[in-house]
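Data block for coords26.cif (mmCIF, C-alpha atoms):
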```cif
data_data
#
loop_
_atom_site.label_atom_id
_atom_site.label_comp_id
_atom_site.auth_asym_id
_atom_site.auth_seq_id
_atom_site.Cartn_x
_atom_site.Cartn_y
_atom_site.Cartn_z
CA MET A 1 16.59 -19.68 -4.08
CA GLU A 2 15.19 -19.29 -7.59
CA LEU A 3 11.54 -20.16 -8.11
CA THR A 4 10.92 -22.39 -11.13
CA LEU A 5 7.44 -22.78 -12.60
CA THR A 6 6.05 -24.96 -15.34
CA GLU A 7 4.40 -23.24 -18.30
CA ALA A 8 0.99 -24.15 -16.89
CA GLN A 9 1.78 -22.72 -13.45
CA TYR A 10 3.20 -19.49 -14.83
CA ASN A 11 0.32 -19.00 -17.27
CA LEU A 12 -2.31 -19.67 -14.59
CA VAL A 13 -1.02 -16.73 -12.54
CA TYR A 14 -0.44 -14.64 -15.67
CA ASN A 15 -4.01 -15.20 -16.87
CA SER A 16 -5.48 -14.59 -13.42
CA PHE A 17 -3.80 -11.17 -13.35
CA SER A 18 -5.14 -10.48 -16.84
CA PHE A 19 -8.64 -11.44 -15.71
CA VAL A 20 -8.46 -9.06 -12.75
CA ILE A 21 -7.29 -6.21 -14.97
CA ALA A 22 -10.22 -6.79 -17.34
CA SER A 23 -12.66 -7.02 -14.40
CA MET A 24 -11.44 -3.80 -12.81
CA GLY A 25 -11.46 -1.97 -16.14
CA ALA A 26 -15.00 -3.11 -16.96
CA ALA A 27 -16.22 -2.18 -13.47
CA LEU A 28 -14.60 1.24 -13.73
CA LEU A 29 -16.39 1.95 -17.01
CA PHE A 30 -19.69 0.56 -15.73
CA PHE A 31 -19.71 2.65 -12.54
CA LEU A 32 -18.95 5.79 -14.55
CA LEU A 33 -21.79 5.08 -16.98
CA VAL A 34 -24.48 4.30 -14.37
CA ARG A 35 -23.62 7.10 -11.95
CA SER A 36 -26.33 9.38 -13.36
CA ARG A 37 -29.01 6.79 -12.50
CA VAL A 38 -28.37 7.42 -8.81
CA ALA A 39 -29.76 10.39 -6.94
CA PRO A 40 -27.12 13.09 -6.33
CA GLN A 41 -27.15 12.58 -2.55
CA HIS A 42 -26.15 8.93 -3.02
CA ARG A 43 -23.49 9.38 -5.71
CA MET A 44 -20.55 9.67 -3.30
CA ALA A 45 -20.74 5.92 -2.68
CA ILE A 46 -20.56 5.25 -6.44
CA THR A 47 -17.64 7.65 -6.71
CA LEU A 48 -15.83 5.66 -4.01
CA SER A 49 -16.57 2.40 -5.85
CA THR A 50 -15.11 3.94 -9.00
CA LEU A 51 -11.98 5.01 -7.14
CA VAL A 52 -11.56 1.54 -5.66
CA VAL A 53 -11.60 -0.29 -8.99
CA GLY A 54 -9.51 2.46 -10.63
CA ILE A 55 -6.79 2.15 -7.99
CA ALA A 56 -6.92 -1.64 -8.23
CA LEU A 57 -6.70 -1.49 -12.04
CA TYR A 58 -3.51 0.61 -11.83
CA HIS A 59 -1.87 -1.67 -9.27
CA TYR A 60 -2.75 -4.85 -11.13
CA VAL A 61 -1.13 -3.45 -14.26
CA ARG A 62 2.00 -2.99 -12.13
CA VAL A 63 1.63 -6.47 -10.60
CA PHE A 64 1.20 -7.94 -14.09
CA GLY A 65 4.36 -6.19 -15.32
CA SER A 66 6.35 -7.25 -12.27
CA TRP A 67 5.34 -10.88 -12.78
CA GLU A 68 6.50 -10.76 -16.40
CA ASP A 69 9.81 -9.13 -15.45
CA ALA A 70 10.51 -11.60 -12.65
CA PHE A 71 10.70 -14.69 -14.89
CA SER A 72 12.63 -15.85 -17.93
CA TYR A 73 11.60 -18.74 -20.17
CA VAL A 74 14.43 -21.28 -20.05
CA GLY A 75 14.29 -24.83 -21.36
CA GLY A 76 10.52 -25.12 -21.30
CA GLU A 77 10.17 -23.64 -17.79
CA TYR A 78 9.85 -20.19 -16.28
CA VAL A 79 12.72 -19.34 -13.95
CA GLN A 80 12.78 -16.39 -11.57
CA ASP A 81 16.14 -15.01 -12.60
CA GLY A 82 16.96 -12.66 -9.75
CA LYS A 83 14.42 -9.91 -10.42
CA PRO A 84 12.11 -10.10 -7.39
CA PHE A 85 8.38 -10.11 -7.88
CA ASN A 86 7.10 -6.98 -6.11
CA GLU A 87 4.49 -8.12 -3.59
CA GLY A 88 4.35 -4.56 -2.25
CA TYR A 89 2.03 -3.45 -5.06
CA ARG A 90 -0.78 -5.52 -3.52
CA TYR A 91 -0.31 -4.03 -0.08
CA VAL A 92 -0.21 -0.47 -1.36
CA ASP A 93 -3.43 -1.23 -3.23
CA TRP A 94 -5.11 -2.72 -0.15
CA LEU A 95 -3.89 0.14 2.03
CA LEU A 96 -5.83 2.52 -0.23
CA THR A 97 -8.82 0.45 -1.32
CA VAL A 98 -9.86 -1.39 1.86
CA PRO A 99 -10.66 1.82 3.80
CA LEU A 100 -12.52 3.11 0.73
CA LEU A 101 -14.53 -0.11 0.46
CA LEU A 102 -15.65 0.22 4.06
CA ALA A 103 -16.34 3.93 3.66
CA GLU A 104 -18.61 3.41 0.64
CA LEU A 105 -20.75 0.98 2.62
CA VAL A 106 -21.19 3.52 5.44
CA VAL A 107 -21.69 6.50 3.12
CA VAL A 108 -24.43 4.88 1.02
CA LEU A 109 -26.61 4.28 4.10
CA LYS A 110 -26.91 8.03 4.80
CA LEU A 111 -26.72 7.71 8.58
CA THR A 112 -26.41 10.76 10.83
CA LYS A 113 -23.24 12.79 10.29
CA GLY A 114 -21.89 11.89 13.72
CA LYS A 115 -22.49 8.17 13.26
CA THR A 116 -21.06 8.22 9.73
CA ARG A 117 -17.91 10.02 10.85
CA SER A 118 -17.41 7.69 13.83
CA LEU A 119 -17.82 4.52 11.77
CA ILE A 120 -15.55 5.69 8.95
CA VAL A 121 -12.77 6.80 11.30
CA ARG A 122 -12.79 3.59 13.32
CA LEU A 123 -13.08 1.31 10.29
CA THR A 124 -10.29 3.17 8.47
CA ILE A 125 -7.90 2.88 11.43
CA ALA A 126 -8.69 -0.83 11.78
CA ALA A 127 -8.27 -1.44 8.03
CA VAL A 128 -4.88 0.32 7.90
CA ALA A 129 -3.71 -1.61 10.98
CA MET A 130 -4.85 -4.90 9.41
CA ILE A 131 -2.91 -4.30 6.18
CA ALA A 132 0.18 -2.84 7.86
CA LEU A 133 0.45 -5.74 10.30
CA GLY A 134 0.04 -8.32 7.54
CA TYR A 135 2.87 -7.07 5.30
CA PRO A 136 5.88 -8.09 7.46
CA GLY A 137 4.54 -11.64 7.56
CA GLU A 138 3.89 -11.64 3.80
CA ILE A 139 7.54 -10.98 3.00
CA ALA A 140 8.86 -13.31 5.74
CA ALA A 141 10.27 -16.71 4.88
CA ALA A 142 7.67 -19.45 4.47
CA ASP A 143 9.18 -21.53 7.25
CA SER A 144 9.49 -18.59 9.61
CA SER A 145 7.27 -18.17 12.66
CA ALA A 146 7.10 -14.46 11.77
CA ARG A 147 4.46 -15.19 9.12
CA THR A 148 2.18 -16.76 11.73
CA VAL A 149 2.83 -14.09 14.37
CA TRP A 150 2.12 -11.18 12.05
CA GLY A 151 -0.87 -13.01 10.60
CA VAL A 152 -2.39 -13.39 14.05
CA LEU A 153 -1.74 -9.72 14.84
CA SER A 154 -3.36 -8.71 11.54
CA THR A 155 -6.43 -10.79 12.40
CA ILE A 156 -7.19 -8.70 15.50
CA PRO A 157 -8.24 -5.53 13.60
CA PHE A 158 -10.03 -7.75 11.08
CA LEU A 159 -12.20 -9.18 13.86
CA TYR A 160 -12.87 -5.65 15.10
CA ILE A 161 -14.05 -4.66 11.59
CA LEU A 162 -16.45 -7.60 11.57
CA TYR A 163 -17.74 -6.58 15.01
CA VAL A 164 -18.44 -3.04 13.80
CA LEU A 165 -20.15 -4.25 10.61
CA PHE A 166 -22.30 -6.98 12.16
CA VAL A 167 -23.05 -5.50 15.57
CA GLU A 168 -22.73 -1.72 15.56
CA LEU A 169 -23.80 -1.17 11.95
CA GLY A 170 -26.64 -3.63 12.44
CA LYS A 171 -28.10 -1.37 15.12
CA SER A 172 -28.14 1.49 12.59
CA LEU A 173 -30.27 -0.36 10.02
CA GLU A 174 -33.61 -0.06 11.81
CA ARG A 175 -34.66 2.95 9.72
CA GLN A 176 -33.64 1.35 6.42
CA SER A 177 -36.18 -0.26 4.10
CA GLY A 178 -36.44 -4.02 3.72
CA SER A 179 -34.73 -4.04 0.32
CA VAL A 180 -31.81 -1.96 1.62
CA LYS A 181 -31.43 -4.18 4.69
CA LYS A 182 -31.29 -7.22 2.41
CA LEU A 183 -28.54 -5.69 0.29
CA VAL A 184 -26.56 -4.55 3.34
CA ASP A 185 -26.75 -8.07 4.75
CA GLY A 186 -25.42 -9.33 1.44
CA LEU A 187 -22.54 -6.87 1.58
CA ARG A 188 -21.59 -7.85 5.09
CA TYR A 189 -21.58 -11.55 4.26
CA ILE A 190 -19.58 -10.87 1.09
CA ILE A 191 -16.98 -9.16 3.26
CA LEU A 192 -16.94 -12.16 5.60
CA ALA A 193 -16.70 -14.70 2.76
CA THR A 194 -14.32 -12.89 0.40
CA TRP A 195 -12.02 -11.48 3.04
CA GLY A 196 -11.79 -15.00 4.41
CA ILE A 197 -9.90 -15.91 1.23
CA TYR A 198 -7.00 -13.60 2.08
CA PRO A 199 -5.79 -15.22 5.34
CA ILE A 200 -5.97 -18.66 3.70
CA ALA A 201 -3.87 -17.44 0.77
CA TYR A 202 -1.54 -15.68 3.21
CA MET A 203 -0.76 -18.92 5.06
CA LEU A 204 -0.34 -21.16 1.99
CA PRO A 205 3.48 -20.88 1.88
CA SER A 206 3.51 -22.33 5.39
CA LEU A 207 0.96 -25.04 4.56
CA ILE A 208 2.17 -26.30 1.15
CA ASP A 209 5.63 -27.85 0.97
CA ASP A 210 6.07 -27.31 -2.76
CA GLU A 211 7.18 -23.70 -3.13
CA ALA A 212 5.98 -23.36 -6.73
CA ASN A 213 2.49 -24.71 -6.01
CA ALA A 214 2.21 -22.51 -2.92
CA GLU A 215 3.13 -19.36 -4.84
CA VAL A 216 0.75 -20.10 -7.70
CA ALA A 217 -2.14 -20.88 -5.37
CA ARG A 218 -1.47 -17.76 -3.30
CA GLN A 219 -1.42 -15.40 -6.28
CA VAL A 220 -4.55 -16.91 -7.84
CA MET A 221 -6.47 -16.80 -4.56
CA TYR A 222 -5.50 -13.18 -3.95
CA SER A 223 -6.71 -12.35 -7.47
CA ILE A 224 -10.06 -14.09 -6.94
CA GLY A 225 -10.48 -12.32 -3.62
CA ASP A 226 -9.84 -8.92 -5.17
CA VAL A 227 -12.44 -9.43 -7.91
CA LEU A 228 -15.06 -10.48 -5.38
CA ALA A 229 -14.16 -7.79 -2.86
CA LYS A 230 -14.08 -4.86 -5.28
CA PRO A 231 -16.27 -5.04 -8.45
CA LEU A 232 -18.85 -7.34 -6.84
CA PHE A 233 -18.91 -5.30 -3.64
CA GLY A 234 -19.32 -2.13 -5.73
CA LEU A 235 -22.28 -3.65 -7.57
CA LEU A 236 -24.07 -4.30 -4.29
CA VAL A 237 -23.34 -0.75 -3.11
CA LEU A 238 -24.81 0.43 -6.41
CA GLY A 239 -27.89 -1.67 -5.70
CA ILE A 240 -28.32 0.06 -2.33
CA ALA A 241 -27.87 3.49 -3.92
CA LEU A 242 -30.47 2.70 -6.60
CA ALA A 243 -32.92 1.36 -4.02
CA LYS A 244 -32.56 4.48 -1.89
CA SER A 245 -32.88 6.67 -4.98
CA ARG A 246 -36.18 4.97 -5.82
CA GLU A 247 -37.40 5.53 -2.28
CA ASP A 248 -36.51 9.23 -2.62
CA GLY A 249 -38.50 9.44 -5.87
CA TYR A 250 -35.45 10.40 -7.89
CA VAL A 251 -36.09 11.07 -11.59
CA GLU A 252 -33.21 10.68 -14.02
CA PRO A 253 -32.74 13.60 -16.43
CA GLY A 254 -35.15 12.84 -19.28
CA GLY A 255 -36.31 9.62 -17.62
CA GLN A 256 -38.94 8.17 -15.32
CA PRO A 257 -38.91 8.05 -11.52
CA ASN A 258 -36.88 5.14 -10.22
CA SER A 259 -39.93 3.92 -8.32
CA ALA A 260 -41.37 2.94 -11.69
CA ALA A 261 -38.20 1.34 -12.93
CA ALA A 262 -38.38 -1.71 -15.13
CA PRO A 263 -37.83 -5.17 -13.60
CA ASP A 264 -34.38 -5.37 -15.14
CA ASP A 265 -33.16 -2.45 -13.06
CA ALA A 266 -29.66 -3.13 -11.73
CA SER A 267 -30.78 -3.15 -8.12
CA GLU A 268 -33.51 -5.68 -8.89
CA LEU A 269 -30.93 -7.98 -10.37
CA LEU A 270 -28.62 -7.54 -7.41
CA GLU A 271 -31.40 -8.36 -4.96
CA ALA A 272 -32.35 -11.55 -6.81
#
```
Is it possible to give me this structure as structure tokens?
Amino acid sequence: MELTLTEAQYNLVYNSFSFVIASMGAALLFFLLVRSRVAPQHRMAITLSTLVVGIALYHYVRVFGSWEDAFSYVGGEYVQDGKPFNEGYRYVDWLLTVPLLLAELVVVLKLTKGKTRSLIVRLTIAAVAMIALGYPGEIAAADSSARTVWGVLSTIPFLYILYVLFVELGKSLERQSGSVKKLVDGLRYIILATWGIYPIAYMLPSLIDDEANAEVARQVMYSIGDVLAKPLFGLLVLGIALAKSREDGYVEPGGQPNSAAAPDDASELLEA
């Protein structure tokens, strides 16, 4: 069955993809430019943030192109003329970026090597399982029970990720400073809030009878979730890295120690 969208519906999705591309591109440039403000021992987390938005930028360019190719403008409406919109680009992106997002949070805290390795391995396995289990339901028919079944299965590793972040990681924060703890708490609640967008968007085809409205809402919500979960998440990781660099007394080449940084320092803004 061909999907037919009004001009407003088509352009809303089109512009949301454009917004994500601009956001990822700006974040990529920003992370590259501010990397030198972070002490060398904390730069790996910024490198991971840069990789995340770079990977997302590439995939959203592909998503954007696939959306354009999937529709033809006919009689004042946009008709999907047989070229399928490739939903797989999103899942390939998530398969790469979600484990990296979780890894950058663990890496920036500079825990013991054993604890860091254990957390990254377990979170990566859970993240891959979450994405892999969600995909069969994503491509299933809206009125099929398969979407619900696979969605429930995908939720199990998601709940495990939350357990690790809020319970196990929480036990590892005792040696962190107050400012770092505050930023880590912010990161964990951002994960909870922004990742909560995805299952809602995932179930919209089963909840909204109008196929066009369901598809538009799903694509826009996924786009909003990606902006919040990647550039914004990376900014908070940067704030943690800057705070820890200040605590270490790091001095930028040709600059002043971060402990004497001006009030408009990026981490100060992120903590506000």
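Close contacts of region 33-48 of chain A, defined as residues with an atom at most 9 Å away when counting only C-alpha atoms, with chain neighbours fewer than 6 positions off set aside, comprise Leu100, Leu101, Ala103, Glu104, Leu105, Val106, Val107, Val108, Leu109, Lys110, Gly234, Val237, Leu238, Ala241, Leu242, Ala243, Lys244, Ser245, Arg246, Asp248, Gly249, Tyr250, Val251, Glu252, Pro253 and Asn258 of chain A.
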**Report entry** Who sits within 12 Å of Thr4 (chain A), all atoms listed in the file, same chain under 6 positions skipped, as a ChimeraX atom specification
**Finding:** /A:10,70-82,210-216
Mind writing the picked residues with C-alpha atoms as a compact mmCIF listing (two decimals), in the frame of the given file?
```txt
# COMPACT_ATOMS: atom_id res chain seq x y z
CA TYR A 10 3.20 -19.49 -14.83
CA ALA A 70 10.51 -11.60 -12.65
CA PHE A 71 10.70 -14.69 -14.89
CA SER A 72 12.63 -15.85 -17.93
CA TYR A 73 11.60 -18.74 -20.17
CA VAL A 74 14.43 -21.28 -20.05
CA GLY A 75 14.29 -24.83 -21.36
CA GLY A 76 10.52 -25.12 -21.30
CA GLU A 77 10.17 -23.64 -17.79
CA TYR A 78 9.85 -20.19 -16.28
CA VAL A 79 12.72 -19.34 -13.95
CA GLN A 80 12.78 -16.39 -11.57
CA ASP A 81 16.14 -15.01 -12.60
CA GLY A 82 16.96 -12.66 -9.75
CA ASP A 210 6.07 -27.31 -2.76
CA GLU A 211 7.18 -23.70 -3.13
CA ALA A 212 5.98 -23.36 -6.73
CA ASN A 213 2.49 -24.71 -6.01
CA ALA A 214 2.21 -22.51 -2.92
CA GLU A 215 3.13 -19.36 -4.84
CA VAL A 216 0.75 -20.10 -7.70
```
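The shortest atom-to-atom distance to Ser144 (chain A), with only C-alpha atoms taken into account, belongs to A:Leu207 out of A:Arg218, A:Ala193, A:Asp93, A:Leu207.
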Requested in this report: Given the file shown, enumerate the residues that the PyMOL selection byres ((chain A and resi 180) around 9) captures and present them as a VMD selection string.
Outcome: chain A and resid 109 173 176 to 179 181 to 185 239 to 241 243 to 244
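In terms of minimum interatomic distance to Asn11 (chain A), A:Trp67 ranks closest within A:Ala126, A:Leu162, A:Gly137, A:Trp67, counting all atoms listed in the file.
We find CA of Leu5 (chain A) and CA of Ala201 (chain A) to be spaced 18.3 Å apart.
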Rebuild N, CA, C and O atoms on region 29-54 of chain A, as an mmCIF file, in the coordinates of the input?
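Writing the result to rebuild.cif gives the following:
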```
data_model
loop_
_atom_site.group_PDB
_atom_site.id
_atom_site.type_symbol
_atom_site.label_atom_id
_atom_site.label_comp_id
_atom_site.auth_asym_id
_atom_site.auth_seq_id
_atom_site.Cartn_x
_atom_site.Cartn_y
_atom_site.Cartn_z
ATOM 1 N N LEU A 29 -15.557 1.375 -15.959
ATOM 2 C CA LEU A 29 -16.390 1.950 -17.010
ATOM 3 C C LEU A 29 -17.870 1.872 -16.638
ATOM 4 O O LEU A 29 -18.627 2.839 -16.818
ATOM 5 N N PHE A 30 -18.291 0.750 -16.090
ATOM 6 C CA PHE A 30 -19.690 0.560 -15.730
ATOM 7 C C PHE A 30 -20.131 1.564 -14.666
ATOM 8 O O PHE A 30 -21.186 2.196 -14.783
ATOM 9 N N PHE A 31 -19.341 1.731 -13.610
ATOM 10 C CA PHE A 31 -19.710 2.650 -12.540
ATOM 11 C C PHE A 31 -19.783 4.096 -13.046
ATOM 12 O O PHE A 31 -20.641 4.867 -12.616
ATOM 13 N N LEU A 32 -18.900 4.436 -13.969
ATOM 14 C CA LEU A 32 -18.950 5.790 -14.550
ATOM 15 C C LEU A 32 -20.223 5.992 -15.363
ATOM 16 O O LEU A 32 -20.844 7.057 -15.307
ATOM 17 N N LEU A 33 -20.629 4.959 -16.099
ATOM 18 C CA LEU A 33 -21.790 5.080 -16.980
ATOM 19 C C LEU A 33 -23.116 5.106 -16.214
ATOM 20 O O LEU A 33 -24.067 5.757 -16.644
ATOM 21 N N VAL A 34 -23.196 4.385 -15.088
ATOM 22 C CA VAL A 34 -24.480 4.300 -14.370
ATOM 23 C C VAL A 34 -24.606 5.350 -13.267
ATOM 24 O O VAL A 34 -25.653 5.428 -12.619
ATOM 25 N N ARG A 35 -23.596 6.139 -13.057
ATOM 26 C CA ARG A 35 -23.620 7.100 -11.950
ATOM 27 C C ARG A 35 -24.814 8.033 -12.007
ATOM 28 O O ARG A 35 -25.411 8.377 -10.987
ATOM 29 N N SER A 36 -25.226 8.428 -13.216
ATOM 30 C CA SER A 36 -26.330 9.380 -13.360
ATOM 31 C C SER A 36 -27.675 8.764 -12.981
ATOM 32 O O SER A 36 -28.651 9.495 -12.776
ATOM 33 N N ARG A 37 -27.752 7.440 -12.875
ATOM 34 C CA ARG A 37 -29.010 6.790 -12.500
ATOM 35 C C ARG A 37 -29.266 6.863 -10.997
ATOM 36 O O ARG A 37 -30.337 6.488 -10.527
ATOM 37 N N VAL A 38 -28.281 7.331 -10.269
ATOM 38 C CA VAL A 38 -28.370 7.420 -8.810
ATOM 39 C C VAL A 38 -28.638 8.868 -8.415
ATOM 40 O O VAL A 38 -28.095 9.793 -9.009
ATOM 41 N N ALA A 39 -29.469 9.045 -7.419
ATOM 42 C CA ALA A 39 -29.760 10.390 -6.940
ATOM 43 C C ALA A 39 -28.473 11.070 -6.470
ATOM 44 O O ALA A 39 -27.584 10.412 -5.924
ATOM 45 N N PRO A 40 -28.352 12.390 -6.684
ATOM 46 C CA PRO A 40 -27.120 13.090 -6.330
ATOM 47 C C PRO A 40 -26.635 12.849 -4.907
ATOM 48 O O PRO A 40 -25.430 12.736 -4.666
ATOM 49 N N GLN A 41 -27.564 12.754 -3.947
ATOM 50 C CA GLN A 41 -27.150 12.580 -2.550
ATOM 51 C C GLN A 41 -26.564 11.204 -2.259
ATOM 52 O O GLN A 41 -25.986 10.985 -1.192
ATOM 53 N N HIS A 42 -26.693 10.278 -3.217
ATOM 54 C CA HIS A 42 -26.150 8.930 -3.020
ATOM 55 C C HIS A 42 -24.958 8.641 -3.945
ATOM 56 O O HIS A 42 -24.450 7.518 -3.940
ATOM 57 N N ARG A 43 -24.535 9.635 -4.711
ATOM 58 C CA ARG A 43 -23.490 9.380 -5.710
ATOM 59 C C ARG A 43 -22.086 9.260 -5.113
ATOM 60 O O ARG A 43 -21.186 8.715 -5.756
ATOM 61 N N MET A 44 -21.877 9.774 -3.908
ATOM 62 C CA MET A 44 -20.550 9.670 -3.300
ATOM 63 C C MET A 44 -20.126 8.214 -3.165
ATOM 64 O O MET A 44 -18.963 7.865 -3.385
ATOM 65 N N ALA A 45 -21.062 7.343 -2.818
ATOM 66 C CA ALA A 45 -20.740 5.920 -2.680
ATOM 67 C C ALA A 45 -20.295 5.336 -4.017
ATOM 68 O O ALA A 45 -19.364 4.517 -4.071
ATOM 69 N N ILE A 46 -20.945 5.747 -5.105
ATOM 70 C CA ILE A 46 -20.560 5.250 -6.440
ATOM 71 C C ILE A 46 -19.200 5.814 -6.834
ATOM 72 O O ILE A 46 -18.388 5.135 -7.471
ATOM 73 N N THR A 47 -18.950 7.055 -6.447
ATOM 74 C CA THR A 47 -17.640 7.650 -6.710
ATOM 75 C C THR A 47 -16.545 6.855 -5.995
ATOM 76 O O THR A 47 -15.482 6.592 -6.564
ATOM 77 N N LEU A 48 -16.807 6.457 -4.749
ATOM 78 C CA LEU A 48 -15.830 5.660 -4.010
ATOM 79 C C LEU A 48 -15.620 4.297 -4.659
ATOM 80 O O LEU A 48 -14.486 3.806 -4.733
ATOM 81 N N SER A 49 -16.704 3.682 -5.141
ATOM 82 C CA SER A 49 -16.570 2.400 -5.850
ATOM 83 C C SER A 49 -15.712 2.554 -7.091
ATOM 84 O O SER A 49 -14.877 1.687 -7.405
ATOM 85 N N THR A 50 -15.901 3.669 -7.794
ATOM 86 C CA THR A 50 -15.110 3.940 -9.000
ATOM 87 C C THR A 50 -13.642 4.115 -8.657
ATOM 88 O O THR A 50 -12.753 3.611 -9.364
ATOM 89 N N LEU A 51 -13.371 4.827 -7.575
ATOM 90 C CA LEU A 51 -11.980 5.010 -7.140
ATOM 91 C C LEU A 51 -11.337 3.674 -6.775
ATOM 92 O O LEU A 51 -10.183 3.416 -7.118
ATOM 93 N N VAL A 52 -12.091 2.832 -6.088
ATOM 94 C CA VAL A 52 -11.560 1.540 -5.660
ATOM 95 C C VAL A 52 -11.105 0.710 -6.861
ATOM 96 O O VAL A 52 -9.973 0.209 -6.890
ATOM 97 N N VAL A 53 -11.973 0.548 -7.849
ATOM 98 C CA VAL A 53 -11.600 -0.290 -8.990
ATOM 99 C C VAL A 53 -10.542 0.399 -9.859
ATOM 100 O O VAL A 53 -9.719 -0.269 -10.485
ATOM 101 N N GLY A 54 -10.540 1.741 -9.887
ATOM 102 C CA GLY A 54 -9.510 2.460 -10.630
ATOM 103 C C GLY A 54 -8.133 2.266 -10.008
ATOM 104 O O GLY A 54 -7.137 2.018 -10.715
#
```
